[in-house]
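work_7.tsv follows (TSV, C-alpha atoms and all ligand atoms):
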```
chain	number	residue	atom	x	y	z
A	1	MET	CA	70.89	-138.68	-47.46
A	2	ASN	CA	73.69	-140.21	-45.54
A	3	LYS	CA	73.70	-143.75	-46.83
A	4	PRO	CA	76.81	-145.57	-45.63
A	5	SER	CA	78.02	-148.67	-47.40
A	6	MET	CA	81.01	-150.88	-46.94
A	7	TYR	CA	84.18	-149.65	-48.66
A	8	GLU	CA	82.44	-146.48	-49.81
A	9	LYS	CA	85.01	-144.19	-48.32
A	10	VAL	CA	88.14	-144.36	-46.29
A	11	THR	CA	88.05	-142.46	-43.01
A	12	TYR	CA	90.47	-141.71	-40.21
A	13	ALA	CA	88.80	-144.51	-38.30
A	14	ASP	CA	90.32	-147.11	-40.60
A	15	VAL	CA	93.59	-147.03	-38.75
A	16	ALA	CA	94.05	-150.48	-37.28
A	17	ASN	CA	93.12	-151.00	-33.68
A	18	MET	CA	94.81	-154.34	-33.42
A	19	ASN	CA	96.12	-154.59	-29.91
A	20	LYS	CA	96.03	-158.33	-29.89
A	21	PRO	CA	96.38	-159.64	-26.32
A	22	SER	CA	99.34	-161.99	-25.96
A	23	MET	CA	96.96	-164.79	-24.93
A	24	TYR	CA	95.77	-164.93	-28.55
A	25	GLU	CA	99.13	-164.35	-30.24
A	26	LYS	CA	99.22	-167.90	-31.57
A	27	ALA	CA	95.63	-168.02	-32.79
A	28	THR	CA	95.79	-169.04	-36.44
A	29	TYR	CA	93.24	-169.51	-39.14
A	30	ALA	CA	93.72	-173.27	-38.98
A	31	ASP	CA	92.05	-173.13	-35.54
A	32	VAL	CA	88.84	-171.71	-37.02
A	33	PRO	CA	86.16	-174.41	-37.45
A	34	ASP	CA	84.96	-175.07	-41.00
A	35	GLY	CA	81.43	-174.01	-40.10
A	36	VAL	CA	82.74	-170.55	-39.19
A	37	LYS	CA	85.14	-170.32	-42.15
A	38	TRP	CA	82.19	-170.98	-44.46
A	39	PHE	CA	80.56	-167.69	-43.47
A	40	PHE	CA	83.78	-165.75	-42.92
A	41	GLU	CA	85.03	-166.36	-46.45
A	42	LYS	CA	81.81	-165.01	-47.92
A	43	ILE	CA	81.61	-161.80	-45.94
A	44	LYS	CA	82.79	-159.59	-48.78
A	45	GLN	CA	80.08	-160.89	-51.08
A	46	THR	CA	77.24	-161.27	-48.60
A	47	ARG	CA	78.15	-158.46	-46.19
A	48	ARG	CA	76.65	-160.68	-43.54
A	49	GLY	CA	78.36	-160.99	-40.19
A	50	ILE	CA	78.70	-163.90	-37.77
A	51	TYR	CA	77.22	-164.34	-34.31
A	52	LEU	CA	79.47	-166.87	-32.61
A	53	HIS	CA	78.14	-168.09	-29.30
A	54	GLY	CA	79.09	-170.84	-26.90
A	55	ALA	CA	80.12	-171.78	-23.41
A	56	VAL	CA	82.75	-170.03	-21.33
A	57	GLY	CA	86.24	-170.96	-22.52
A	58	SER	CA	85.07	-172.72	-25.69
A	59	GLY	CA	87.44	-170.63	-27.85
A	60	LYS	CA	85.32	-167.77	-29.21
A	61	THR	CA	87.80	-164.95	-28.66
A	62	HIS	CA	90.62	-167.14	-29.95
A	63	ILE	CA	88.71	-167.80	-33.16
A	64	ALA	CA	87.75	-164.15	-33.51
A	65	TRP	CA	91.39	-163.05	-33.33
A	66	ALA	CA	92.35	-165.75	-35.81
A	67	MET	CA	89.80	-164.33	-38.26
A	68	ALA	CA	90.92	-160.75	-37.63
A	69	GLN	CA	94.49	-161.73	-38.45
A	70	GLN	CA	93.37	-163.61	-41.54
A	71	TRP	CA	91.40	-160.60	-42.72
A	72	ILE	CA	94.57	-158.50	-42.62
A	73	ASP	CA	96.70	-161.25	-44.15
A	74	ASN	CA	94.20	-161.31	-47.01
A	75	GLY	CA	95.07	-157.68	-47.64
A	76	GLU	CA	91.78	-156.27	-46.43
A	77	ARG	CA	91.39	-153.02	-44.61
A	78	PRO	CA	92.27	-153.61	-40.95
A	79	PRO	CA	89.25	-154.40	-38.82
A	80	LEU	CA	88.40	-152.84	-35.49
A	81	PHE	CA	88.43	-155.34	-32.66
A	82	TRP	CA	86.78	-154.50	-29.36
A	83	ASN	CA	85.96	-156.38	-26.22
A	84	VAL	CA	82.55	-154.85	-25.50
A	85	SER	CA	83.16	-154.25	-21.79
A	86	GLU	CA	86.42	-152.45	-22.61
A	87	LEU	CA	84.67	-150.38	-25.24
A	88	ILE	CA	81.94	-149.29	-22.83
A	89	ARG	CA	84.57	-148.44	-20.25
A	90	SER	CA	86.52	-146.37	-22.75
A	91	ILE	CA	83.42	-144.48	-23.89
A	92	LYS	CA	82.39	-143.74	-20.30
A	93	ARG	CA	85.88	-142.57	-19.45
A	94	ASP	CA	85.73	-139.94	-22.19
A	95	PHE	CA	82.80	-138.19	-20.49
A	96	GLY	CA	84.94	-137.05	-17.62
A	97	ARG	CA	87.81	-135.85	-19.77
A	98	HIS	CA	88.74	-132.63	-21.47
A	99	ALA	CA	88.16	-132.66	-25.21
A	100	TYR	CA	91.89	-132.77	-25.95
A	101	ASP	CA	92.31	-135.77	-23.68
A	102	ARG	CA	89.58	-138.00	-25.04
A	103	ASP	CA	90.11	-141.31	-26.86
A	104	HIS	CA	87.07	-140.80	-29.13
A	105	GLU	CA	86.53	-144.54	-29.51
A	106	GLU	CA	82.81	-144.04	-30.01
A	107	GLU	CA	83.45	-141.76	-33.00
A	108	TYR	CA	85.99	-144.19	-34.43
A	109	ILE	CA	83.64	-147.11	-34.21
A	110	MET	CA	80.71	-145.19	-35.67
A	111	GLU	CA	82.86	-144.01	-38.58
A	112	HIS	CA	84.43	-147.38	-39.29
A	113	HIS	CA	83.18	-148.86	-42.53
A	114	GLY	CA	85.31	-151.99	-42.51
A	115	LEU	CA	84.88	-155.19	-40.56
A	116	LEU	CA	84.12	-154.83	-36.84
A	117	PHE	CA	84.64	-157.44	-34.13
A	118	LEU	CA	82.63	-157.15	-30.92
A	119	ASP	CA	83.94	-159.69	-28.47
A	120	ASP	CA	81.95	-160.91	-25.47
A	121	LEU	CA	78.70	-159.09	-26.08
A	122	GLY	CA	76.26	-159.56	-23.22
A	123	ALA	CA	78.92	-159.92	-20.53
A	124	GLU	CA	78.53	-156.33	-19.40
A	125	ASN	CA	75.86	-155.10	-17.03
A	126	ALA	CA	73.04	-154.00	-19.35
A	127	THR	CA	72.31	-150.54	-17.99
A	128	ASP	CA	70.34	-148.03	-20.05
A	129	PHE	CA	73.60	-146.44	-21.09
A	130	VAL	CA	75.00	-149.77	-22.29
A	131	ARG	CA	71.85	-150.58	-24.21
A	132	ASP	CA	71.71	-147.15	-25.85
A	133	THR	CA	75.37	-147.30	-26.83
A	134	LEU	CA	75.11	-150.81	-28.24
A	135	TYR	CA	71.93	-149.92	-30.09
A	136	LEU	CA	73.67	-147.02	-31.84
A	137	ILE	CA	76.59	-149.17	-32.91
A	138	ILE	CA	74.50	-152.14	-34.04
A	139	ASN	CA	71.96	-149.97	-35.82
A	140	ARG	CA	74.72	-148.15	-37.71
A	141	ARG	CA	76.08	-151.51	-38.83
A	142	TYR	CA	72.65	-152.74	-39.77
A	143	GLU	CA	71.63	-149.74	-41.81
A	144	GLY	CA	74.95	-149.54	-43.61
A	145	LYS	CA	75.17	-153.27	-44.34
A	146	LEU	CA	78.49	-153.17	-42.53
A	147	PRO	CA	79.60	-156.59	-41.34
A	148	VAL	CA	80.15	-157.36	-37.69
A	149	ILE	CA	81.53	-160.49	-36.08
A	150	ILE	CA	80.16	-160.90	-32.58
A	151	THR	CA	81.08	-163.38	-29.89
A	152	SER	CA	78.93	-164.06	-26.85
A	153	ASN	CA	78.20	-166.55	-24.12
A	154	LEU	CA	74.52	-165.94	-24.77
A	155	ASP	CA	72.36	-167.37	-27.50
A	156	LEU	CA	70.19	-164.87	-29.28
A	157	GLY	CA	67.20	-165.35	-26.98
A	158	GLU	CA	69.34	-164.75	-23.93
A	159	LEU	CA	70.95	-161.74	-25.57
A	160	SER	CA	67.51	-160.33	-26.26
A	161	ASP	CA	66.63	-160.72	-22.57
A	162	SER	CA	69.81	-158.90	-21.64
A	163	VAL	CA	70.16	-156.00	-24.08
A	164	GLY	CA	66.70	-155.94	-25.61
A	165	ASP	CA	64.94	-157.23	-28.69
A	166	ARG	CA	65.74	-154.19	-30.86
A	167	ILE	CA	69.45	-155.03	-30.74
A	168	ALA	CA	68.93	-158.80	-30.95
A	169	SER	CA	66.56	-158.47	-33.92
A	170	ARG	CA	69.08	-156.45	-35.93
A	171	ILE	CA	71.83	-158.95	-35.13
A	172	ALA	CA	69.58	-161.81	-36.21
A	173	GLY	CA	68.92	-159.97	-39.47
A	174	MET	CA	72.53	-159.29	-40.37
A	175	CYS	CA	74.50	-162.21	-38.90
A	176	ASP	CA	74.66	-165.94	-39.42
A	177	MET	CA	74.48	-167.83	-36.14
A	178	VAL	CA	77.12	-170.38	-35.22
A	179	GLU	CA	77.23	-172.23	-31.94
A	180	LEU	CA	80.70	-173.28	-30.83
A	181	GLU	CA	80.56	-176.71	-29.25
A	182	GLY	CA	82.98	-177.98	-26.67
A	183	GLY	CA	83.93	-177.44	-23.07
A	184	ASP	CA	86.15	-174.98	-21.28
A	185	ARG	CA	89.60	-175.00	-22.90
A	186	ARG	CA	91.05	-173.18	-19.91
A	187	LEU	CA	90.62	-176.21	-17.71
A	188	PRO	CA	93.73	-178.42	-17.45
A	201	LIG	N1	91.40	-173.84	-31.38
A	201	LIG	C1	92.22	-173.56	-30.36
A	201	LIG	N2	93.46	-174.01	-30.34
A	201	LIG	C2	94.28	-173.75	-29.32
A	201	LIG	N3	93.94	-173.02	-28.23
A	201	LIG	C3	92.70	-172.55	-28.19
A	201	LIG	C4	91.79	-172.80	-29.25
A	201	LIG	N4	90.64	-172.19	-28.93
A	201	LIG	C5	90.86	-171.62	-27.73
A	201	LIG	N5	92.09	-171.83	-27.29
A	201	LIG	C6	92.65	-171.33	-26.02
A	201	LIG	O1	91.74	-171.66	-24.98
A	201	LIG	C7	91.62	-170.58	-24.06
A	201	LIG	C8	90.17	-170.13	-23.96
A	201	LIG	O2	89.75	-169.62	-25.24
A	201	LIG	P1	88.95	-168.26	-25.38
A	201	LIG	O3	89.49	-167.23	-24.46
A	201	LIG	O4	88.93	-167.94	-26.83
A	201	LIG	O5	87.50	-168.72	-24.89
A	201	LIG	P2	86.13	-167.90	-24.95
A	201	LIG	O6	85.12	-168.80	-25.57
A	201	LIG	O7	86.35	-166.59	-25.59
A	201	LIG	O8	85.81	-167.75	-23.41
A	201	LIG	P3	84.87	-166.65	-22.68
A	201	LIG	O9	83.46	-167.05	-22.95
A	201	LIG	O10	85.21	-166.79	-21.22
A	201	LIG	O11	85.23	-165.31	-23.23
A	201	LIG	C9	92.55	-169.49	-24.57
A	201	LIG	O12	93.79	-169.61	-23.90
A	201	LIG	C10	92.72	-169.82	-26.03
A	201	LIG	O13	93.93	-169.32	-26.59
A	202	MG	MG	86.18	-164.64	-24.87
```

Here is the file; what I need is its structure written in the form of structure tokens.
Amino acid sequence: MNKPSMYEKVTYADVANMNKPSMYEKATYADVPDGVKWFFEKIKQTRRGIYLHGAVGSGKTHIAWAMAQQWIDNGERPPLFWNVSELIRSIKRDFGRHAYDRDHEEEYIMEHHGLLFLDDLGAENATDFVRDTLYLIINRRYEGKLPVIITSNLDLGELSDSVGDRIASRIAGMCDMVELEGGDRRLP
């Protein structure tokens, strides 16, 4: 029996991984739409995550960082925050390294029982390796009732086409869906 549950135990993986890019330095909780706050503020009770999807540049990563900061400001255990493409890159990089030189991000993420952010899911090329890795992470979250906040350009149907229905089904089961309206904020 290895039944994980949120806040059950503190592990080495709970060290904050908050390398907030300077682009999102000014992201504040006031920027988070009410429809997202509604779910975010209930995460501790419901243990349900959020699947935030919308067009390119609509503000998903900005909002995710604002929530990550708010989570810490609320005194919660620091979340892990990963851009999915960066995570896959880091995991792949470890394969070619000596044990003493590895970053062990996969172990950290699998051991992390607090809140997890996965930014830009579905942007990476969905090779078998990517699908297998994402399946392991999502399934661990699902089985442990560990909340995850995901951002993506894809709606759930499109995500299913990209990474497969086993991953999409678990996300649908454990996350509330929010579509972020609006155009590309990067445009002048
Ligand atoms: N509510 C907001 N207030 C102020 N600036 C914002 C807000 N939302 C987004 N921005 C800014 O708009 C730009 C684009 O936002 P962001 O990078 O979050 O988009 P995205 O939806 O994650 O895009 P992509 O799909 O390409 O990853 C960023 O510079 C971000 O800081
Ligand atoms: Mg983004």

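With all atoms listed in the file as the atoms that count, the residue of A:Val36, A:Ala55, A:Ala172, A:Ile50 with the shortest distance to Arg186 (chain A) is A:Ala55.
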
Could you tell me, counting only C-alpha atoms and all ligand atoms, which protein and nucleic acid residues lie no more than 9 Å from ligand LIG 201 (chain A), written as an mmCIF file with C-alpha atoms, in the frame of the given file?
```cif
data_model
loop_
_atom_site.group_PDB
_atom_site.id
_atom_site.type_symbol
_atom_site.label_atom_id
_atom_site.label_comp_id
_atom_site.auth_asym_id
_atom_site.auth_seq_id
_atom_site.Cartn_x
_atom_site.Cartn_y
_atom_site.Cartn_z
ATOM 1 C CA MET A 23 96.960 -164.790 -24.930
ATOM 2 C CA TYR A 24 95.770 -164.930 -28.550
ATOM 3 C CA GLU A 25 99.130 -164.350 -30.240
ATOM 4 C CA LYS A 26 99.220 -167.900 -31.570
ATOM 5 C CA ALA A 27 95.630 -168.020 -32.790
ATOM 6 C CA THR A 28 95.790 -169.040 -36.440
ATOM 7 C CA ALA A 30 93.720 -173.270 -38.980
ATOM 8 C CA ASP A 31 92.050 -173.130 -35.540
ATOM 9 C CA VAL A 32 88.840 -171.710 -37.020
ATOM 10 C CA PRO A 33 86.160 -174.410 -37.450
ATOM 11 C CA HIS A 53 78.140 -168.090 -29.300
ATOM 12 C CA GLY A 54 79.090 -170.840 -26.900
ATOM 13 C CA ALA A 55 80.120 -171.780 -23.410
ATOM 14 C CA VAL A 56 82.750 -170.030 -21.330
ATOM 15 C CA GLY A 57 86.240 -170.960 -22.520
ATOM 16 C CA SER A 58 85.070 -172.720 -25.690
ATOM 17 C CA GLY A 59 87.440 -170.630 -27.850
ATOM 18 C CA LYS A 60 85.320 -167.770 -29.210
ATOM 19 C CA THR A 61 87.800 -164.950 -28.660
ATOM 20 C CA HIS A 62 90.620 -167.140 -29.950
ATOM 21 C CA ILE A 63 88.710 -167.800 -33.160
ATOM 22 C CA ALA A 64 87.750 -164.150 -33.510
ATOM 23 C CA TRP A 65 91.390 -163.050 -33.330
ATOM 24 C CA ASP A 119 83.940 -159.690 -28.470
ATOM 25 C CA ASP A 120 81.950 -160.910 -25.470
ATOM 26 C CA ALA A 123 78.920 -159.920 -20.530
ATOM 27 C CA THR A 151 81.080 -163.380 -29.890
ATOM 28 C CA SER A 152 78.930 -164.060 -26.850
ATOM 29 C CA ASN A 153 78.200 -166.550 -24.120
ATOM 30 C CA LEU A 180 80.700 -173.280 -30.830
ATOM 31 C CA ASP A 184 86.150 -174.980 -21.280
ATOM 32 C CA ARG A 185 89.600 -175.000 -22.900
ATOM 33 C CA ARG A 186 91.050 -173.180 -19.910
ATOM 34 C CA LEU A 187 90.620 -176.210 -17.710
#
```

My list of candidates is A:Val84, A:Asp132, A:Ser22, A:Asp103. Which is closest to ligand MG 202 (chain A) when distances are computed with all atoms listed in the file?
A:Val84

Point (84.6, -153.8, -24.8) neighbourhood (9 Å, only C-alpha atoms) written as a PyMOL selection string:
chain A and resi 81-90+118-121+124

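The smallest atom-to-atom distance between ligand MG 202 (chain A) and any of A:Gly173, A:Gly157, A:Pro79, A:Gly122, using only C-alpha atoms and all ligand atoms, is found for A:Gly122.
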
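Minimum atom-to-atom distances from A:Lys20, A:Lys42, A:Arg97, A:Arg48 to Tyr142 (chain A) were compared using all atoms listed in the file, and the lowest value belongs to A:Arg48.
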
When you draw a straight line from CA of Ile167 (chain A) to CA of Val148 (chain A), how long is it in Å?
13.0 Å

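Using only C-alpha atoms, the shortest contact distance between Pro147 (chain A) and any of A:Thr133, A:Ser160, A:Asn125, A:Gln45 is found at A:Gln45.
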
For CA of Met67 (chain A) and CA of Val130 (chain A), determine how far apart the two atoms are, in Å to one decimal place.
26.2 Å

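Atom to atom, CA of Ala126 (chain A) and CA of Ser162 (chain A) stand 6.3 Å apart.
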
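Of the listed residues A:Leu52, A:Ile43, A:Ile138, A:Met174, the one whose atoms come nearest to ligand MG 202 (chain A) is A:Leu52, with distances taken using all atoms listed in the file.
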
Would you compute the box with edges along x, y and z of the file around region 171-181 of chain A, including every atom the file lists for it and 8 Å extra on each side, and give its centre and edge lengths in Å to one decimal, as JSON?
```
{"center_x": 74.8, "center_y": -167.8, "center_z": -34.8, "size_x": 27.8, "size_y": 33.8, "size_z": 27.1}
```
